[in-house]
Structures are given as structure tokens and as C-alpha cells.
$ cat structure_32.cif   # mmCIF, C-alpha atoms
data_entry
#
loop_
_atom_site.label_atom_id
_atom_site.label_comp_id
_atom_site.auth_asym_id
_atom_site.auth_seq_id
_atom_site.Cartn_x
_atom_site.Cartn_y
_atom_site.Cartn_z
CA MET K 1 0.00 0.00 0.00
CA ASP K 2 1.26 3.48 -0.88
CA PHE K 3 1.88 5.53 2.26
CA SER K 4 3.39 8.60 0.63
CA TRP K 5 1.83 11.95 1.39
CA THR K 6 0.89 13.88 -1.72
CA PRO K 7 -0.74 17.31 -2.14
CA HIS K 8 -4.23 15.89 -2.73
CA ARG K 9 -3.99 14.07 0.59
CA PHE K 10 -3.97 17.38 2.47
CA SER K 11 -7.06 19.51 2.99
CA GLY K 12 -5.18 22.66 2.04
CA GLY K 13 -6.73 24.33 5.03
CA ALA K 14 -5.85 23.44 8.54
CA LEU K 15 -3.26 21.12 9.98
CA ALA K 16 -5.77 19.86 12.57
CA LEU K 17 -8.08 18.67 9.79
CA ASP K 18 -5.19 17.08 7.92
CA VAL K 19 -4.29 15.13 11.07
CA ALA K 20 -7.94 14.12 11.58
CA ASN K 21 -8.00 12.95 7.96
CA SER K 22 -5.10 10.56 8.59
CA VAL K 23 -7.76 7.88 9.05
CA ILE K 24 -8.93 7.10 5.55
CA LEU K 25 -12.54 5.97 5.04
CA ARG K 26 -13.11 6.31 8.78
CA PHE K 27 -16.74 5.15 8.60
CA SER K 28 -16.15 2.09 6.47
CA PRO K 29 -14.51 -0.45 8.82
CA GLU K 30 -13.78 -2.96 6.06
CA LYS K 31 -11.95 -0.32 4.00
CA SER K 32 -10.67 1.99 6.76
CA LEU K 33 -6.94 2.67 7.02
CA ASP K 34 -5.17 4.45 9.89
CA ARG K 35 -2.16 6.09 8.31
CA PHE K 36 -0.68 6.76 11.75
CA ALA K 37 -0.78 3.08 12.77
CA VAL K 38 2.81 2.83 11.55
CA PRO K 39 4.93 5.24 13.64
CA ALA K 40 7.21 6.04 10.71
CA GLN K 41 4.19 7.46 8.89
CA ILE K 42 3.73 10.11 11.57
CA ASP K 43 7.30 11.26 10.82
CA SER K 44 6.58 11.19 7.09
CA PHE K 45 3.39 13.17 7.66
CA SER K 46 5.33 15.83 9.62
CA ALA K 47 7.72 16.35 6.73
CA ALA K 48 4.96 16.53 4.12
CA ALA K 49 2.73 18.78 6.24
CA SER K 50 5.61 21.23 6.66
CA ALA K 51 5.47 21.85 2.93
CA LEU K 52 1.80 21.28 2.12
CA SER K 53 -0.45 22.21 5.03
CA GLY K 54 -2.21 25.56 4.91
CA ASP K 55 -1.35 26.39 8.55
CA GLN K 56 2.40 26.18 8.22
CA LYS K 57 4.34 29.38 7.92
CA HIS K 58 6.77 29.39 5.01
CA GLY K 59 10.02 27.79 6.15
CA ALA K 60 8.73 26.54 9.49
CA ALA K 61 9.36 22.79 9.46
CA LEU K 62 7.33 20.58 11.74
CA VAL K 63 9.22 18.30 14.07
CA PRO K 64 7.87 14.73 14.28
CA THR K 65 6.13 13.73 17.47
CA GLU K 66 8.35 11.99 19.99
CA ALA K 67 7.38 8.39 20.76
CA ARG K 68 6.21 9.28 24.27
CA ASN K 69 3.81 11.91 22.85
CA ARG K 70 2.25 9.80 20.09
CA PRO K 71 -0.72 8.78 22.28
CA ILE K 72 -1.40 12.49 22.89
CA LEU K 73 -1.30 13.19 19.15
CA LEU K 74 -3.69 10.31 18.46
CA SER K 75 -6.07 11.49 21.21
CA LEU K 76 -5.95 14.99 19.75
CA ARG K 77 -6.68 13.59 16.29
CA GLU K 78 -9.76 11.73 17.54
CA ALA K 79 -11.05 14.65 19.63
CA THR K 80 -10.62 17.01 16.67
CA ASP K 81 -12.39 14.67 14.28
CA CYS K 82 -15.26 13.98 16.66
CA TYR K 83 -15.86 17.63 17.61
CA PHE K 84 -15.77 19.07 14.10
CA ARG K 85 -17.90 16.27 12.62
CA MET K 86 -20.56 16.99 15.20
CA ALA K 87 -20.26 20.75 14.63
CA VAL K 88 -20.75 20.26 10.87
CA SER K 89 -23.85 18.22 11.66
CA GLY K 90 -25.24 21.14 13.67
CA VAL K 91 -24.63 19.61 17.10
CA ASP K 92 -22.75 21.94 19.44
CA ASP K 93 -21.74 19.44 22.09
CA ARG K 94 -20.00 21.11 25.03
CA LEU K 95 -18.58 17.80 26.26
CA LEU K 96 -16.89 17.21 22.89
CA LEU K 97 -15.57 20.76 22.95
CA ALA K 98 -14.25 20.27 26.49
CA ARG K 99 -12.55 17.03 25.42
CA LEU K 100 -10.91 18.78 22.47
CA LEU K 101 -9.74 21.70 24.63
CA GLU K 102 -8.35 19.36 27.30
CA THR K 103 -6.53 17.27 24.70
CA ALA K 104 -5.13 20.38 22.99
CA ALA K 105 -3.93 21.66 26.37
CA ALA K 106 -2.21 18.34 27.07
CA ALA K 107 -0.53 18.43 23.66
CA LEU K 108 0.76 21.96 24.27
CA ARG K 109 1.85 21.13 27.82
CA HIS K 110 3.80 17.99 26.86
CA ALA K 111 5.24 19.10 23.51
CA PRO K 112 9.01 19.50 23.64
CA HIS K 113 8.81 22.69 21.52
CA ASP K 114 6.43 24.84 19.47
CA GLN K 115 7.13 23.21 16.11
CA SER K 116 6.39 19.67 17.21
CA LEU K 117 3.52 18.11 15.29
CA GLU K 118 1.31 17.76 18.36
CA ALA K 119 1.77 21.42 19.41
CA ALA K 120 1.13 22.71 15.88
CA THR K 121 -1.95 20.49 15.58
CA ALA K 122 -3.30 21.75 18.91
CA ARG K 123 -2.82 25.39 17.85
CA SER K 124 -4.52 24.66 14.54
CA ALA K 125 -7.54 23.09 16.28
CA LEU K 126 -7.81 26.05 18.65
CA GLN K 127 -7.65 28.49 15.71
CA LEU K 128 -10.46 26.57 13.99
CA ILE K 129 -12.62 26.67 17.12
CA ALA K 130 -12.17 30.40 17.57
CA GLY K 131 -11.97 31.51 13.95
CA THR K 132 -14.43 32.28 11.21
CA GLU K 133 -13.42 29.27 9.09
CA ARG K 134 -15.19 26.99 11.56
CA GLN K 135 -18.45 27.81 9.74
CA ARG K 136 -16.91 26.62 6.47
CA ILE K 137 -15.87 23.15 7.61
CA ARG K 138 -17.58 20.40 5.60
CA ILE K 139 -17.48 16.62 5.31
CA CYS K 140 -16.60 15.24 1.87
CA GLY K 141 -19.53 13.48 0.25
CA ASN K 142 -17.23 10.81 -1.15
CA CYS K 143 -14.43 9.95 1.29
CA GLY K 144 -15.73 11.53 4.50
CA TRP K 145 -12.73 13.83 5.03
CA LEU K 146 -13.13 17.12 6.85
CA PHE K 147 -12.24 20.15 4.73
CA ILE K 148 -12.68 23.92 4.65
CA ASP K 149 -15.03 25.13 1.92
CA ARG K 150 -13.43 28.28 0.56
CA SER K 151 -15.73 28.55 -2.46
CA LYS K 152 -17.53 31.89 -2.89
CA ASN K 153 -21.00 30.44 -2.54
CA ARG K 154 -20.03 27.84 0.10
CA SER K 155 -21.35 24.96 -1.97
CA ARG K 156 -18.35 22.68 -2.28
CA VAL K 157 -19.22 19.06 -1.47
CA TRP K 158 -15.92 17.27 -2.14
CA CYS K 159 -12.58 17.59 -0.41
CA ASP K 160 -10.83 17.66 -3.78
CA MET K 161 -12.42 17.94 -7.20
CA ALA K 162 -9.59 16.07 -8.91
CA VAL K 163 -9.97 13.01 -6.68
CA CYS K 164 -13.36 12.69 -4.96
CA GLY K 165 -15.30 14.92 -7.32
CA ASN K 166 -14.02 13.05 -10.33
CA ARG K 167 -14.83 9.68 -8.73
CA GLN K 168 -18.39 10.73 -7.96
CA LYS K 169 -18.94 12.14 -11.43
CA ALA K 170 -17.50 9.00 -13.04
CA ALA K 171 -19.74 6.79 -10.90
CA ARG K 172 -22.83 8.81 -11.86
CA HIS K 173 -21.87 8.59 -15.53
CA TYR K 174 -21.34 4.82 -15.26
CA HIS K 175 -24.75 4.27 -13.65
CA ARG K 176 -26.47 6.59 -16.12
CA THR K 177 -25.03 4.80 -19.18
CA LYS K 178 -25.71 1.40 -17.61
CA GLU K 179 -29.39 2.33 -17.15
CA GLU K 180 -29.62 3.63 -20.72
CA THR K 181 -28.27 0.37 -22.17
CA ALA K 182 -30.51 -1.82 -20.01
#
$ encode --input "structure_32.cif" --output "C-alpha cells"
Amino acid sequence: MDFSWTPHRFSGGALALDVANSVILRFSPEKSLDRFAVPAQIDSFSAAASALSGDQKHGAALVPTEARNRPILLSLREATDCYFRMAVSGVDDRLLLARLLETAAAALRHAPHDQSLEAATARSALQLIAGTERQRIRICGNCGWLFIDRSKNRSRVWCDMAVCGNRQKAARHYHRTKEETA
């Protein structure tokens, strides 16, 4: 299986969402893949996110999470995913928000320095909670990733047109032509 991180595998918005999206097809247990299950992939993610994530300042390289802090990063990933999925669904759950804030605080408290992946992810999640882009977070209609809809009319339904949008359009075309020939 290909574990490389490519530009279309990043939301282009917020590091916290990119980390949450490290579980591929989260709601399809038979197809789901946790890209952070292999510790080396967390290091690979850090390097790729330094160049590709929308949160990273130009030239500020992320430092991979130390082994002792990986459970904190994974807890932060799950709290981020859970809170923002519920928020997109219109549920403003204070317990989920408290869990995310507590996990972000733990990540910041235990991070060896500001540019560690867990500290940068915590800051990104906090910026999303407090910022205006929170209202633009969506769930991809194809893969289930969280993404920020930056379209003018706020109508984007796919995380990436070239990947998920194309797949959905191809599937619709296939079913339409299959029905026509039947």
C-alpha cells in the first residue's frame, strides 16, 4: 500500500483537519486505514505537512512527534475529528468541545517545543474553534474527510475535485449509461 503523502492528501486548510484525515474511510470499517498506525508514517506526515499544510508558515518545518507523545497526538486527532464532525452536523456538544480543549492543552503542555507536530496540531484546532473558518468546515460526500469550503458560494461538497469529485462524477456517468443500455 502506498503511504506517501501527496498534495491531494492534504485539505489545504488546517493542519488539525489534515491530522484528523489521517484515518482514511473512517466510517467504512472494512476499508478503513489508519495512516498513523505505523509510527514512521507520523514522521513522514510531519515532513509533508511542513510543505503542504495551509497552517504552516513558510520555512517553518514541523518536528515529528516523539514516541512518548504519540498517544497524545492520536487522542488529539480523535477529539478534533469527533468535535468538528458533530459541529458540521449542527450539534454543538460542550462535552466534545471540552474534550478537544483538554486534549489540545495536554498536547501543548507535553510538547518538547512549538514546532512539534502535536503542538502545531493543537494550535490549529484552537484556531479553527475560535476563527471564522469553523463555519466553512464540511465533510466530503465521497471519502468523509473534513475540509474547509473556501468557495464563494459555500457549496463545495468534495474535499478535492480532482480526486473525490471526479470519482463521484465517473460513478454517476457509469450508472447513467448502464441504465440507458438496459
$ closest_residue --input "structure_32.cif" --among "K:Phe27, K:Ala37, K:Ala119, K:Ala98" --to "K:Asn69" --atoms "all atoms listed in the file"
K:Ala119
$ closest_residue --input "structure_32.cif" --among "K:Ile129, K:Ala49, K:Arg109, K:Gly144" --to "K:Leu96" --atoms "all atoms listed in the file"
K:Ile129
$ closest_residue --input "structure_32.cif" --among "K:Pro71, K:Gly141, K:Gly90, K:Pro64" --to "K:His113" --atoms "all atoms listed in the file"
K:Pro64
$ residues_around --input "structure_32.cif" --residues "K:Pro112" --least-positions-apart "3" --cutoff "12 Å" --atoms "all atoms listed in the file" --output "MDAnalysis selection string"
chainID K and resid 63:69 106:109 115:120
$ residues_around --input "structure_32.cif" --residues "K:Arg150" --least-positions-apart "4" --cutoff "8 Å" --atoms "all atoms listed in the file" --output "MDAnalysis selection string"
chainID K and resid 136 154 156
$ resolve_selection --input "structure_32.cif" --expression "the PyMOL selection byres ((chain K and resi 138) around 12)" --output "PyMOL selection string"
chain K and resi 11+13+17+81+84-90+133-137+139-151+154-160
$ atom_distance --input "structure_32.cif" --atom1 "atom CA of K:Thr103" --atom2 "atom CA of K:Ser75"
6.8 Å
$ atom_distance --input "structure_32.cif" --atom1 "atom CA of K:Ser50" --atom2 "atom CA of K:Leu100"
23.0 Å
$ axis_aligned_box --input "structure_32.cif" --around "stretch 38-52 of chain K" --padding-each-side "6 Å" --output "lines of an AutoDock Vina configuration file"
center_x = 4.8
center_y = 12.3
center_z = 7.9
size_x = 17.9
size_y = 31.0
size_z = 23.5
$ atom_distance --input "structure_32.cif" --atom1 "atom CA of K:Phe36" --atom2 "atom CA of K:Val23"
7.7 Å
$ closest_residue --input "structure_32.cif" --among "K:Cys82, K:Ile72, K:Ala122, K:Ala111" --to "K:Arg94" --atoms "only C-alpha atoms"
K:Cys82
